[in-house]
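Enquirer: Attaching a single structure in structure tokens format; questions to follow.
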Amino acid sequence: MSDVQIIDVSPRDGLQNEQVIVPSEKKRMLIEMLVKSNIKKIEATSFVHPLKVPQMADAEQLLKLCEEFSEIKLVALIPNLKGFQRAKQTKISEVNWITAATQTFNYKNIGMNVEDNLNQFKQLIQESKMSNITICFSIAVSFGCPYEGKVNQTKVLSLVERALEAGANRIGIADTIGIATPKQVKELLTEVLRMARSVPVAVHLHDTRGMGLANAYAALEVGVKIFETAASGIGGCPFAPGAAGNLATEDLVYMFERMGIKTGVDFEKLLEAADFAASLTSNRPLGRIRQVEKKRRSLR
């Protein structure tokens with residue numbers, strides 16, 4: 001039995017910003033390697049307009065290739081109702097709805113204001129129940145926005161409240177540009193957990209400023225049990241200038257396991273997945289433990 005749940009987002013968030021299109025077969029290979037490492041939930045793709053995020057244009061094809069992985073749950077990110085209509089034509093059982101804590105980022109990211117976004121989400125809830133699809137309501141730039149700067153905590157909490165009222169199955173809090181501090185993480189997530197009660201809360205951390213692990217530990221201390229990370233720390237948002245990769249899955253697993261917190265992940269197989277993930281990106285991966293382990297093994 002695991003103490004925490006790791007959701008690996010490397011096939012989606014890890015690759016969405018790559019300029020050279022990664023073939024569907026290689027994305028499937030990455031997902032297969034994550035499955036072998038015993039990651040139980042993977043954000044595989046997103047149903048977005050192919051002109052906005054060309055790397056995700058193969059969403060339907062990729063999910064078709066992954067139908068054999070029945071022992072895990074695959075998640076797809078959706079930005080609007082049209083994305084949901086595409087998603088429900090596949091065998092996906094969970095979607096991650098994205099909104100933002102600031103108007104500017106919402107326009108840049110999904111082309112609508114926050115209020116319109118929320119209205120679509122409310123419509124989506126009814127459809128999701130009929131389709132037997134669960135929904136996570138994720139809030140981007142929860143701690144800081146590349147366009148509007150510091151984000152007031154009350155904005156995030158207001159969105160959480162409205163998402164819960166609408167019927168979200170999970171709440172996601174995202175540090176999209178990797179600007180949060182442990183103090184901010186503790187303060188915000190304490191309030192989010194209080195509001196959510198029995199509804200699960202996840203945290204999505206980027207490691208732009210090297211604070212990812214510290215922020216993950218801060219989230220754990222206040223009661224968060226679900227963490228979204230990416231193998232090898234790959235990734236970045238196309239609509240967040242300067243944002244670097246995600247917190248590396250292997251770094252978080254290493255820290256938790258050393259602390260006696262069970263993740264249920266096979267660390268050695270995860271390192272293999274991290275190596276493969278790194279080979280798919282043109283950017284320098286942020287994962288630290290992978291680099292240490294490679295050097296240590298080369299000295300044997």
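In the structure tokens, chains take letters A, B, ... by order of appearance, with residues numbered from 1 within each chain and ligands from 1 in the order shown.
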Using DSSP secondary structure from the backbone, list all helix (DSSP H, G or I) positions within stretch 65-168 of chain A, as JSON, numbers by chain.
Expert: {"A": [65, 81, 82, 83, 84, 85, 86, 87, 103, 104, 105, 106, 107, 108, 109, 110, 114, 115, 116, 117, 118, 119, 120, 121, 122, 123, 124, 125, 126, 127, 128, 129, 130, 131, 153, 154, 155, 156, 157, 158, 159, 160, 161, 162, 163, 164, 165, 166]}
Enquirer: I'd like a table as a Markdown table: residues in stretch 93-152 of chain A with an atom no more than 9 Å from stretch 201-216 of chain A, each row giving the shortest atom pair and its distance in Å to one decimal, only C-alpha atoms counted, sorted by chain and rising residue number.
Expert:
| residue | atom | partner | partner_atom | distance |
| --- | --- | --- | --- | --- |
| A:Cys136 | CA | A:Ala202 | CA | 9.0 |
| A:Ser138 | CA | A:Ala202 | CA | 8.6 |
| A:Ala140 | CA | A:His204 | CA | 8.9 |
Enquirer: Determine which residues of stretch 132-279 of chain A receive a DSSP assignment of strand (DSSP E), computed from the backbone, and state them as an mmCIF file with N, CA, C and O atoms, in the first residue's frame.
Expert:
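Writing done, so here's result-v4.cif:
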data_model
loop_
_atom_site.group_PDB
_atom_site.id
_atom_site.type_symbol
_atom_site.label_atom_id
_atom_site.label_comp_id
_atom_site.auth_asym_id
_atom_site.auth_seq_id
_atom_site.Cartn_x
_atom_site.Cartn_y
_atom_site.Cartn_z
ATOM 1 N N THR A 134 -14.274 10.844 -14.707
ATOM 2 C CA THR A 134 -13.988 11.708 -13.564
ATOM 3 C C THR A 134 -13.171 12.925 -14.009
ATOM 4 O O THR A 134 -12.457 12.868 -15.017
ATOM 5 N N ILE A 135 -13.300 14.015 -13.243
ATOM 6 C CA ILE A 135 -12.670 15.275 -13.648
ATOM 7 C C ILE A 135 -11.859 15.892 -12.522
ATOM 8 O O ILE A 135 -12.340 16.069 -11.404
ATOM 9 N N CYS A 136 -10.619 16.208 -12.848
ATOM 10 C CA CYS A 136 -9.787 17.018 -11.959
ATOM 11 C C CYS A 136 -9.853 18.464 -12.448
ATOM 12 O O CYS A 136 -9.710 18.717 -13.644
ATOM 13 N N PHE A 137 -10.080 19.390 -11.543
ATOM 14 C CA PHE A 137 -10.091 20.817 -11.874
ATOM 15 C C PHE A 137 -8.739 21.383 -11.449
ATOM 16 O O PHE A 137 -8.456 21.532 -10.261
ATOM 17 N N SER A 138 -7.871 21.661 -12.419
ATOM 18 C CA SER A 138 -6.531 22.150 -12.123
ATOM 19 C C SER A 138 -6.420 23.655 -12.350
ATOM 20 O O SER A 138 -6.917 24.176 -13.350
ATOM 21 N N ILE A 139 -5.754 24.322 -11.424
ATOM 22 C CA ILE A 139 -5.602 25.771 -11.489
ATOM 23 C C ILE A 139 -4.154 26.120 -11.788
ATOM 24 O O ILE A 139 -3.258 25.933 -10.958
ATOM 25 N N ALA A 140 -3.917 26.587 -13.015
ATOM 26 C CA ALA A 140 -2.562 26.975 -13.428
ATOM 27 C C ALA A 140 -2.164 28.293 -12.777
ATOM 28 O O ALA A 140 -3.004 29.048 -12.296
ATOM 29 N N GLY A 144 2.076 32.304 -9.121
ATOM 30 C CA GLY A 144 2.640 33.431 -9.851
ATOM 31 C C GLY A 144 2.411 33.267 -11.337
ATOM 32 O O GLY A 144 2.392 32.152 -11.861
ATOM 33 N N CYS A 145 2.210 34.398 -12.021
ATOM 34 C CA CYS A 145 1.889 34.397 -13.445
ATOM 35 C C CYS A 145 2.984 35.132 -14.212
ATOM 36 O O CYS A 145 3.446 36.184 -13.767
ATOM 37 N N GLY A 149 2.279 38.619 -12.701
ATOM 38 C CA GLY A 149 3.086 38.613 -11.484
ATOM 39 C C GLY A 149 2.483 37.780 -10.367
ATOM 40 O O GLY A 149 1.846 36.758 -10.606
ATOM 41 N N LYS A 150 2.655 38.236 -9.129
ATOM 42 C CA LYS A 150 2.207 37.487 -7.960
ATOM 43 C C LYS A 150 0.697 37.301 -7.987
ATOM 44 O O LYS A 150 -0.050 38.216 -8.329
ATOM 45 N N ARG A 170 -11.580 16.045 -8.242
ATOM 46 C CA ARG A 170 -10.264 16.292 -7.650
ATOM 47 C C ARG A 170 -9.890 17.740 -7.923
ATOM 48 O O ARG A 170 -10.319 18.323 -8.925
ATOM 49 N N ILE A 171 -9.072 18.328 -7.050
ATOM 50 C CA ILE A 171 -8.566 19.674 -7.242
ATOM 51 C C ILE A 171 -7.058 19.592 -7.469
ATOM 52 O O ILE A 171 -6.348 18.887 -6.751
ATOM 53 N N GLY A 172 -6.574 20.312 -8.472
ATOM 54 C CA GLY A 172 -5.140 20.361 -8.739
ATOM 55 C C GLY A 172 -4.629 21.788 -8.597
ATOM 56 O O GLY A 172 -5.226 22.722 -9.136
ATOM 57 N N ILE A 173 -3.549 21.953 -7.867
ATOM 58 C CA ILE A 173 -2.923 23.264 -7.689
ATOM 59 C C ILE A 173 -1.568 23.232 -8.378
ATOM 60 O O ILE A 173 -0.703 22.411 -8.028
ATOM 61 N N ALA A 174 -1.376 24.111 -9.368
ATOM 62 C CA ALA A 174 -0.167 24.049 -10.195
ATOM 63 C C ALA A 174 0.716 25.284 -10.028
ATOM 64 O O ALA A 174 0.242 26.415 -10.123
ATOM 65 N N ASP A 175 1.993 25.018 -9.792
ATOM 66 C CA ASP A 175 3.014 26.080 -9.796
ATOM 67 C C ASP A 175 3.636 26.076 -11.190
ATOM 68 O O ASP A 175 4.748 25.603 -11.401
ATOM 69 N N VAL A 201 -6.813 16.325 -3.296
ATOM 70 C CA VAL A 201 -6.086 17.505 -3.772
ATOM 71 C C VAL A 201 -4.715 17.062 -4.268
ATOM 72 O O VAL A 201 -3.992 16.339 -3.575
ATOM 73 N N ALA A 202 -4.361 17.511 -5.463
ATOM 74 C CA ALA A 202 -3.051 17.207 -6.047
ATOM 75 C C ALA A 202 -2.250 18.486 -6.212
ATOM 76 O O ALA A 202 -2.824 19.576 -6.342
ATOM 77 N N VAL A 203 -0.941 18.348 -6.223
ATOM 78 C CA VAL A 203 -0.077 19.503 -6.476
ATOM 79 C C VAL A 203 0.815 19.180 -7.672
ATOM 80 O O VAL A 203 1.342 18.074 -7.802
ATOM 81 N N HIS A 204 0.946 20.154 -8.559
ATOM 82 C CA HIS A 204 1.733 20.022 -9.789
ATOM 83 C C HIS A 204 2.870 21.037 -9.699
ATOM 84 O O HIS A 204 2.621 22.248 -9.695
ATOM 85 N N LEU A 205 4.102 20.551 -9.629
ATOM 86 C CA LEU A 205 5.237 21.424 -9.352
ATOM 87 C C LEU A 205 6.247 21.455 -10.500
ATOM 88 O O LEU A 205 6.619 20.414 -11.039
ATOM 89 N N ILE A 226 -1.083 13.549 -3.296
ATOM 90 C CA ILE A 226 -1.032 13.311 -4.743
ATOM 91 C C ILE A 226 -0.095 14.332 -5.383
ATOM 92 O O ILE A 226 -0.270 15.550 -5.203
ATOM 93 N N PHE A 227 0.879 13.850 -6.150
ATOM 94 C CA PHE A 227 1.903 14.709 -6.727
ATOM 95 C C PHE A 227 2.034 14.439 -8.217
ATOM 96 O O PHE A 227 2.179 13.295 -8.636
ATOM 97 N N GLU A 228 1.976 15.510 -9.017
ATOM 98 C CA GLU A 228 2.162 15.402 -10.463
ATOM 99 C C GLU A 228 3.598 15.800 -10.802
ATOM 100 O O GLU A 228 4.032 16.922 -10.504
ATOM 101 N N THR A 229 4.314 14.882 -11.428
ATOM 102 C CA THR A 229 5.719 15.084 -11.758
ATOM 103 C C THR A 229 5.992 14.514 -13.148
ATOM 104 O O THR A 229 5.131 13.866 -13.738
#
Enquirer: Please report the interatomic distance between atom CA of A:Val53 and atom CA of A:Pro11 in Å with one decimal.
Expert: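 Atom CA of A:Pro11 lies 13.4 Å from atom CA of A:Val53.
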Enquirer: Expressed in Å to a single decimal, how great is the separation between atom CA of A:Glu71 and atom CA of A:Phe256?
Expert: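 According to the coordinates, atom CA of A:Glu71 and atom CA of A:Phe256 are separated by 23.7 Å.
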